[in-house]
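Peer 1: The structure that follows is given in the form of structure tokens.
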Amino acid sequence: MTYRFTVNPDVCIGCRTCELACAFAHAVAGKPGVSRIYPLDGGFKELWVPVVCLQCEEAACVKSCLVDALKRNPETGAIELNQEKCVRCMACIAACPFGCSLLDRQHNQVVKCDLCGGDPVCAHFCPTKALQYKPIEAGKVKVSA
Amino acid sequence: MVRLTINGKLVQAAEGEMLLSVIRREKIDIPALCHHEAVEPYGACRLCMVEITRPEWDGWANFVTSCLYPVEENLIVSTHSPKVIELRKTIVDLFLACHPNTPEIIQLAADYGVTHTSYEEVPEPDDCILCGLCTRICETMGFKAISAVGRGHGKEIAPPLGEAPPDCVGCLACAQNCPTHFIKFSDRNGVRRIWEKDFELMACSRCGRKTITREFAESLSAGRDIPMEYFEICDDCHRMETSRTMGRIANWSREVQP
């Protein structure tokens, strides 16, 4: 994994463009799908937090899946859901402590962020770069304030 | 890598892969009711039958269930040859004789031009096609709460001894994947009822929304090492909580570095 998806609530303006971009990127049969990203205000004023799956190292969703439908893609580092294998027991939805495994009620299936297969659309559309997908330089992993 | 021909197109497949997976990957639509990627293939419904032949077979062909047939080098597969269509028509005809009132079967039969069965209809039809998908999924998930009981005409899917299954946790995987929606359940007043067993649905400690049964949460918590408190809040409230925590951190960093 040479790229990392970063979320910086400090510069998020709550325009919800990411939500729109996500819904259109995951459109089903020409209709907008369920957004995997939720910009919420967390009860604060003038502060927005885009809540999205952070692809946990030791993920509760992967642990909870009894049929191994959730697997990490070694190329992108994203935990991807194999829809063919999913038995829709909804265990991952209940298990995720961040609430980022979602139920698509219209199609009765589980959806989660897969980093768009290595090119997250939301990061392209974020006007303030609160969402970024940037390369990690070896030995220079810096946590932004 | 194995190379084979499907409907005249040369395709590649991995060693040991089943024909049906390759056919589906090639976006060729053939029916299959008992197939699911999460479980071992079973070959119960027979609908995924295809015609296979090889160059050295001198024009002879064989019919196999593609879900159970591993790919072979130089295999020639036809999924919609007149003989396969005729065979599939017979299978849906038989299905229609056993399940004349099942919407999924009626639709499938109509797709193959069968509106009335040419066999005698069974006296008391139900919607269960005995494909065993529910029992296989239950077994794969490690619960083994239901199984096929009896044989011949008396065969049915049921919990042991016909009583409320002690190993069932109410995850609904059987009902969600039943190809004919035969398995019924209800969620009423915080109680889920399936296989004649009642389960308590855990209410979210914030908003009260009920999502998962206590038995399922407890079995996941114990078997998969997931803290029980993860299950006490619903996914909506979990997202709210995440935004609150991350917001607090962002607020704090603003105060420290104005």
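Identifiers in this document derive from the order of the structure tokens: chains are assigned A, B, ..., residues are numbered from 1 separately in each chain, and ligands are numbered from 1 in order of occurrence.
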Contacts from chain B to chain A, 8 Å maximum, only C-alpha atoms: show me the residue list as a PDB file with C-alpha atoms, in the first residue's frame.

Peer 2:
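Output contents, as saved in iface-v1.pdb:
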```
ATOM      1  CA  HIS B  36     -24.229 -19.371  -3.815  1.00  0.00           C
ATOM      2  CA  GLU B  37     -20.579 -18.356  -3.878  1.00  0.00           C
ATOM      3  CA  ALA B  38     -20.266 -18.636  -0.102  1.00  0.00           C
ATOM      4  CA  ILE B 137     -25.327 -21.530   4.459  1.00  0.00           C
ATOM      5  CA  THR B 140     -20.925 -22.698   6.586  1.00  0.00           C
ATOM      6  CA  MET B 141     -21.688 -19.995   9.130  1.00  0.00           C
ATOM      7  CA  GLY B 142     -21.081 -22.578  11.828  1.00  0.00           C
ATOM      8  CA  CYS B 171     -29.394 -14.160  11.733  1.00  0.00           C
ATOM      9  CA  LEU B 172     -31.907 -14.606   8.883  1.00  0.00           C
ATOM     10  CA  ALA B 173     -29.234 -15.760   6.426  1.00  0.00           C
ATOM     11  CA  GLN B 176     -32.466 -13.894   2.979  1.00  0.00           C
ATOM     12  CA  ASN B 177     -30.981 -16.402   0.534  1.00  0.00           C
ATOM     13  CA  THR B 211     -31.189  -4.430  14.361  1.00  0.00           C
ATOM     14  CA  ILE B 212     -29.582  -7.666  15.613  1.00  0.00           C
ATOM     15  CA  ALA B 217     -24.454 -10.669  18.826  1.00  0.00           C
ATOM     16  CA  LEU B 220     -20.197 -13.182  17.299  1.00  0.00           C
ATOM     17  CA  ARG B 224     -14.991 -13.739  16.819  1.00  0.00           C
ATOM     18  CA  ASP B 225     -13.558 -11.717  19.698  1.00  0.00           C
ATOM     19  CA  ILE B 226     -15.648  -8.582  19.084  1.00  0.00           C
ATOM     20  CA  TYR B 230     -20.072  -2.663  19.618  1.00  0.00           C
ATOM     21  CA  PHE B 231     -23.477  -4.272  19.189  1.00  0.00           C
ATOM     22  CA  ILE B 233     -25.387   0.966  19.417  1.00  0.00           C
ATOM     23  CA  CYS B 234     -26.899   0.939  15.923  1.00  0.00           C
ATOM     24  CA  ASP B 235     -24.909   1.960  12.847  1.00  0.00           C
ATOM     25  CA  ASP B 236     -26.567   5.425  12.617  1.00  0.00           C
ATOM     26  CA  CYS B 237     -25.635   6.263  16.209  1.00  0.00           C
ATOM     27  CA  HIS B 238     -22.156   4.808  15.679  1.00  0.00           C
ATOM     28  CA  ARG B 239     -21.615   7.276  12.820  1.00  0.00           C
ATOM     29  CA  MET B 240     -22.877  10.131  15.000  1.00  0.00           C
ATOM     30  CA  GLU B 241     -20.487   9.037  17.739  1.00  0.00           C
ATOM     31  CA  THR B 242     -17.578   8.889  15.251  1.00  0.00           C
ATOM     32  CA  SER B 243     -18.289  12.445  14.057  1.00  0.00           C
ATOM     33  CA  ARG B 244     -18.510  13.643  17.679  1.00  0.00           C
ATOM     34  CA  THR B 245     -15.176  12.066  18.628  1.00  0.00           C
ATOM     35  CA  MET B 246     -13.381  13.277  15.507  1.00  0.00           C
ATOM     36  CA  GLY B 247     -15.009  16.709  15.925  1.00  0.00           C
ATOM     37  CA  ALA B 250     -10.455  18.754  15.510  1.00  0.00           C
ATOM     38  CA  ASN B 251     -11.856  21.355  17.942  1.00  0.00           C
ATOM     39  CA  SER B 253      -6.395  21.039  17.756  1.00  0.00           C
ATOM     40  CA  ARG B 254      -7.927  24.380  16.733  1.00  0.00           C
TER      41      ARG B 254
END
```

Peer 1: Tell me which protein, DNA and RNA residues are within 7 Å of stretch 162-166 of chain B, counting only C-alpha atoms, leaving out same-chain ones fewer than 6 positions away, and put them as a ChimeraX atom specification.

Peer 2: /B:145,195-197

Peer 1: Next, dump the selected residues to file, keeping only all heavy atoms, as a PDB file, in the first residue's frame.

Peer 2:
```pdb
ATOM      1  N   ALA B 145     -28.132 -25.130  12.472  1.00  0.00           N
ATOM      2  CA  ALA B 145     -29.384 -25.165  13.233  1.00  0.00           C
ATOM      3  C   ALA B 145     -30.480 -25.936  12.518  1.00  0.00           C
ATOM      4  O   ALA B 145     -31.371 -26.493  13.159  1.00  0.00           O
ATOM      5  CB  ALA B 145     -29.847 -23.739  13.511  1.00  0.00           C
ATOM      6  N   TRP B 195     -38.371 -20.042  12.388  1.00  0.00           N
ATOM      7  CA  TRP B 195     -38.331 -21.467  12.747  1.00  0.00           C
ATOM      8  C   TRP B 195     -39.029 -21.711  14.076  1.00  0.00           C
ATOM      9  O   TRP B 195     -38.548 -22.478  14.906  1.00  0.00           O
ATOM     10  CB  TRP B 195     -36.892 -21.987  12.804  1.00  0.00           C
ATOM     11  CG  TRP B 195     -36.186 -21.938  11.494  1.00  0.00           C
ATOM     12  CD1 TRP B 195     -35.137 -21.130  11.179  1.00  0.00           C
ATOM     13  CD2 TRP B 195     -36.453 -22.701  10.316  1.00  0.00           C
ATOM     14  NE1 TRP B 195     -34.753 -21.321   9.876  1.00  0.00           N
ATOM     15  CE2 TRP B 195     -35.548 -22.288   9.326  1.00  0.00           C
ATOM     16  CE3 TRP B 195     -37.390 -23.676   9.996  1.00  0.00           C
ATOM     17  CZ2 TRP B 195     -35.550 -22.824   8.046  1.00  0.00           C
ATOM     18  CZ3 TRP B 195     -37.391 -24.213   8.722  1.00  0.00           C
ATOM     19  CH2 TRP B 195     -36.474 -23.785   7.765  1.00  0.00           C
ATOM     20  N   GLU B 196     -40.151 -21.024  14.314  1.00  0.00           N
ATOM     21  CA  GLU B 196     -40.960 -21.207  15.526  1.00  0.00           C
ATOM     22  C   GLU B 196     -40.196 -20.868  16.801  1.00  0.00           C
ATOM     23  O   GLU B 196     -40.520 -21.353  17.878  1.00  0.00           O
ATOM     24  CB  GLU B 196     -41.489 -22.657  15.636  1.00  0.00           C
ATOM     25  CG  GLU B 196     -42.184 -23.172  14.398  1.00  0.00           C
ATOM     26  CD  GLU B 196     -43.570 -22.598  14.237  1.00  0.00           C
ATOM     27  OE1 GLU B 196     -44.383 -22.789  15.143  1.00  0.00           O
ATOM     28  OE2 GLU B 196     -43.819 -21.935  13.206  1.00  0.00           O
ATOM     29  N   LYS B 197     -39.141 -20.044  16.646  1.00  0.00           N
ATOM     30  CA  LYS B 197     -38.369 -19.659  17.825  1.00  0.00           C
ATOM     31  C   LYS B 197     -38.380 -18.141  17.939  1.00  0.00           C
ATOM     32  O   LYS B 197     -38.275 -17.448  16.918  1.00  0.00           O
ATOM     33  CB  LYS B 197     -36.929 -20.173  17.693  1.00  0.00           C
ATOM     34  CG  LYS B 197     -36.088 -20.005  18.955  1.00  0.00           C
ATOM     35  CD  LYS B 197     -34.678 -20.546  18.756  1.00  0.00           C
ATOM     36  CE  LYS B 197     -33.831 -20.310  19.990  1.00  0.00           C
ATOM     37  NZ  LYS B 197     -32.435 -20.728  19.804  1.00  0.00           N
TER      38      LYS B 197
END
```

Peer 1: Using only C-alpha atoms, which residues sit within 12 Å of A:Gly118 once same-chain residues fewer than 5 positions away are excluded, as a PyMOL selection string?

Peer 2: chain A and resi 1-5+73-80+113+123+133-135

Peer 1: Take the residues from that selection and write them out as a CSV table (one decimal), in the first residue's frame, keeping C-alpha atoms.

Peer 2:
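Heads up, here's the output in part-v6.csv:
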```csv
chain,number,residue,atom,x,y,z
A,1,MET,CA,0.0,0.0,0.0
A,2,THR,CA,1.6,3.2,-1.2
A,3,TYR,CA,-1.3,5.5,-1.0
A,4,ARG,CA,-3.4,6.6,2.0
A,5,PHE,CA,-6.8,8.1,2.3
A,73,ASN,CA,-7.4,-5.8,-1.3
A,74,PRO,CA,-3.6,-5.9,-1.0
A,75,GLU,CA,-3.2,-3.4,-3.8
A,76,THR,CA,-5.4,-0.6,-2.4
A,77,GLY,CA,-5.5,-1.6,1.2
A,78,ALA,CA,-9.3,-1.3,1.2
A,79,ILE,CA,-11.5,-3.9,2.7
A,80,GLU,CA,-13.8,-5.0,-0.1
A,113,CYS,CA,-16.4,2.1,1.1
A,123,ALA,CA,-11.2,13.0,-3.0
A,133,TYR,CA,-5.7,10.3,-1.4
A,134,LYS,CA,-2.0,10.8,-1.3
A,135,PRO,CA,1.1,8.8,-1.6
```

Peer 1: Write out as an MDAnalysis selection string the set of residues from stretch 47-152 of chain B that DSSP, computed on the backbone, places in alpha helix (DSSP H).

Peer 2: chainID B and resid 82:98 103:111 133:140

Peer 1: Between atom CA of A:Val121 and atom CA of B:Arg24, what distance in Å does the model show, to one decimal?

Peer 2: 28.1 Å

Peer 1: Quick one: residues within 12 Å of B:Cys178, only C-alpha atoms counted, chain neighbours fewer than 6 positions away excluded, as a PyMOL selection string?

Peer 2: (chain A and resi 87-88) or (chain B and resi 33-36+104+127-138+157+172+184-185)

Peer 1: Between atom CA of B:Glu120 and atom CA of B:Leu96, measure the distance and give it in Å to one decimal.

Peer 2: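 Interatomic distance, atom CA of B:Glu120 to atom CA of B:Leu96: 9.7 Å.
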
Peer 1: Can you measure atom CA of B:Tyr69 to atom CA of B:Glu15 for me? One decimal in Å is fine.

Peer 2: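 Atom CA of B:Tyr69 sits 11.8 Å away from atom CA of B:Glu15.
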
Peer 1: If you run DSSP on the backbone here, which positions in chain A get strand (DSSP E)? Please write them as JSON, numbers by chain.

Peer 2: {"A": [3, 4, 5, 6, 7, 38, 39, 40, 49, 50, 51, 70, 71, 72, 79, 80, 81, 101, 102, 103, 104, 109, 110, 111, 112, 131, 132, 133, 134, 135]}

Peer 1: Could you check the closest approach to B:Glu215 for each of B:Ala61, B:Val50, B:Val169, B:Ala175 and tell me which residue wins, using only C-alpha atoms?

Peer 2: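 Between B:Ala61, B:Val50, B:Val169, B:Ala175, the residue approaching B:Glu215 most closely is B:Val169.
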
Peer 1: So which residues touch A:Val34 within 8 Å, counting only C-alpha atoms, skipping near sequence neighbours fewer than 4 positions away, as a list in words?

Peer 2: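 That gives Cys22, Ala23, His26, Ala27, Asp104 and Val111 of chain A.
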
Peer 1: Taking N, CA and C atoms for each residue, export the selection above as a PDB file, in the first residue's frame.

Peer 2:
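Now in selection.pdb:
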```
ATOM      1  N   CYS A  22     -20.060  10.246  -4.257  1.00  0.00           N
ATOM      2  CA  CYS A  22     -20.073   8.828  -3.896  1.00  0.00           C
ATOM      3  C   CYS A  22     -21.338   8.155  -4.424  1.00  0.00           C
ATOM      4  N   ALA A  23     -22.476   8.825  -4.228  1.00  0.00           N
ATOM      5  CA  ALA A  23     -23.752   8.246  -4.673  1.00  0.00           C
ATOM      6  C   ALA A  23     -23.750   8.039  -6.177  1.00  0.00           C
ATOM      7  N   HIS A  26     -21.332   5.224  -7.253  1.00  0.00           N
ATOM      8  CA  HIS A  26     -21.852   3.880  -6.989  1.00  0.00           C
ATOM      9  C   HIS A  26     -23.280   3.756  -7.477  1.00  0.00           C
ATOM     10  N   ALA A  27     -23.561   4.337  -8.623  1.00  0.00           N
ATOM     11  CA  ALA A  27     -24.901   4.277  -9.189  1.00  0.00           C
ATOM     12  C   ALA A  27     -25.227   2.852  -9.619  1.00  0.00           C
ATOM     13  N   ASP A 104     -27.975  -1.063   2.060  1.00  0.00           N
ATOM     14  CA  ASP A 104     -28.686  -0.477   0.921  1.00  0.00           C
ATOM     15  C   ASP A 104     -30.079  -1.100   0.929  1.00  0.00           C
ATOM     16  N   VAL A 111     -23.343  -2.483   1.765  1.00  0.00           N
ATOM     17  CA  VAL A 111     -22.352  -1.725   0.997  1.00  0.00           C
ATOM     18  C   VAL A 111     -21.356  -1.092   1.951  1.00  0.00           C
TER      19      VAL A 111
END
```

Peer 1: Contacts of B:Asn189 at 12 Å or less, counting only C-alpha atoms, minus same-chain residues fewer than 4 places along, as a list in words?

Peer 2: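 Residues meeting the cut-off are Arg193, Asp198, Phe199, Glu200, Leu201, Met202, Ala203, Gly208, Arg209 and Lys210 of chain B.
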
Peer 1: Restricting the calculation to only C-alpha atoms: of A:His107, A:Gln132, A:Glu46, A:Ala29, which residue gets closest to A:Asp119?

Peer 2: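 So, comparing all the options, the nearest one is A:Gln132.
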
Peer 1: In terms of the shortest atom-to-atom distance over only C-alpha atoms, which of A:Cys12, A:Leu81, A:Cys18, A:Leu54 is closest to A:Val110?

Peer 2: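 Of all the options, A:Leu81 lies closest to A:Val110.
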
Peer 1: Just want the 10 Å neighbourhood of B:Ser118, counted on only C-alpha atoms, with same-chain residues fewer than 2 positions away dropped. Output as a PDB file with N, CA, C and O atoms, in the first residue's frame.

Peer 2:
```pdb
ATOM      1  N   THR B  90     -37.429 -29.207 -19.749  1.00  0.00           N
ATOM      2  CA  THR B  90     -37.944 -30.372 -19.025  1.00  0.00           C
ATOM      3  C   THR B  90     -37.792 -30.174 -17.524  1.00  0.00           C
ATOM      4  O   THR B  90     -38.696 -30.500 -16.750  1.00  0.00           O
ATOM      5  N   ASP B  93     -40.257 -27.700 -16.307  1.00  0.00           N
ATOM      6  CA  ASP B  93     -41.566 -28.361 -16.386  1.00  0.00           C
ATOM      7  C   ASP B  93     -41.803 -29.201 -15.126  1.00  0.00           C
ATOM      8  O   ASP B  93     -42.880 -29.158 -14.508  1.00  0.00           O
ATOM      9  N   LEU B  94     -40.759 -29.940 -14.722  1.00  0.00           N
ATOM     10  CA  LEU B  94     -40.856 -30.763 -13.507  1.00  0.00           C
ATOM     11  C   LEU B  94     -40.994 -29.886 -12.266  1.00  0.00           C
ATOM     12  O   LEU B  94     -41.751 -30.195 -11.347  1.00  0.00           O
ATOM     13  N   LEU B  96     -42.341 -26.991 -12.172  1.00  0.00           N
ATOM     14  CA  LEU B  96     -43.687 -26.417 -12.192  1.00  0.00           C
ATOM     15  C   LEU B  96     -44.728 -27.431 -11.705  1.00  0.00           C
ATOM     16  O   LEU B  96     -45.734 -27.053 -11.106  1.00  0.00           O
ATOM     17  N   ALA B  97     -44.473 -28.717 -11.940  1.00  0.00           N
ATOM     18  CA  ALA B  97     -45.397 -29.742 -11.462  1.00  0.00           C
ATOM     19  C   ALA B  97     -45.376 -29.816  -9.934  1.00  0.00           C
ATOM     20  O   ALA B  97     -46.395 -30.064  -9.289  1.00  0.00           O
ATOM     21  N   VAL B 114     -42.762 -22.325 -20.811  1.00  0.00           N
ATOM     22  CA  VAL B 114     -43.617 -23.344 -20.195  1.00  0.00           C
ATOM     23  C   VAL B 114     -44.657 -22.628 -19.336  1.00  0.00           C
ATOM     24  O   VAL B 114     -44.321 -21.976 -18.355  1.00  0.00           O
ATOM     25  N   THR B 115     -45.917 -22.688 -19.733  1.00  0.00           N
ATOM     26  CA  THR B 115     -46.957 -22.030 -18.944  1.00  0.00           C
ATOM     27  C   THR B 115     -47.769 -23.042 -18.138  1.00  0.00           C
ATOM     28  O   THR B 115     -48.303 -22.719 -17.087  1.00  0.00           O
ATOM     29  N   HIS B 116     -47.867 -24.263 -18.660  1.00  0.00           N
ATOM     30  CA  HIS B 116     -48.568 -25.323 -17.935  1.00  0.00           C
ATOM     31  C   HIS B 116     -47.677 -26.550 -17.909  1.00  0.00           C
ATOM     32  O   HIS B 116     -47.074 -26.886 -18.924  1.00  0.00           O
ATOM     33  N   GLU B 120     -48.267 -34.369 -13.916  1.00  0.00           N
ATOM     34  CA  GLU B 120     -49.374 -34.213 -12.967  1.00  0.00           C
ATOM     35  C   GLU B 120     -48.895 -33.363 -11.792  1.00  0.00           C
ATOM     36  O   GLU B 120     -47.820 -33.613 -11.237  1.00  0.00           O
ATOM     37  N   GLU B 121     -49.685 -32.379 -11.426  1.00  0.00           N
ATOM     38  CA  GLU B 121     -49.285 -31.514 -10.314  1.00  0.00           C
ATOM     39  C   GLU B 121     -49.383 -32.268  -8.994  1.00  0.00           C
ATOM     40  O   GLU B 121     -50.266 -33.113  -8.827  1.00  0.00           O
TER      41      GLU B 121
END
```
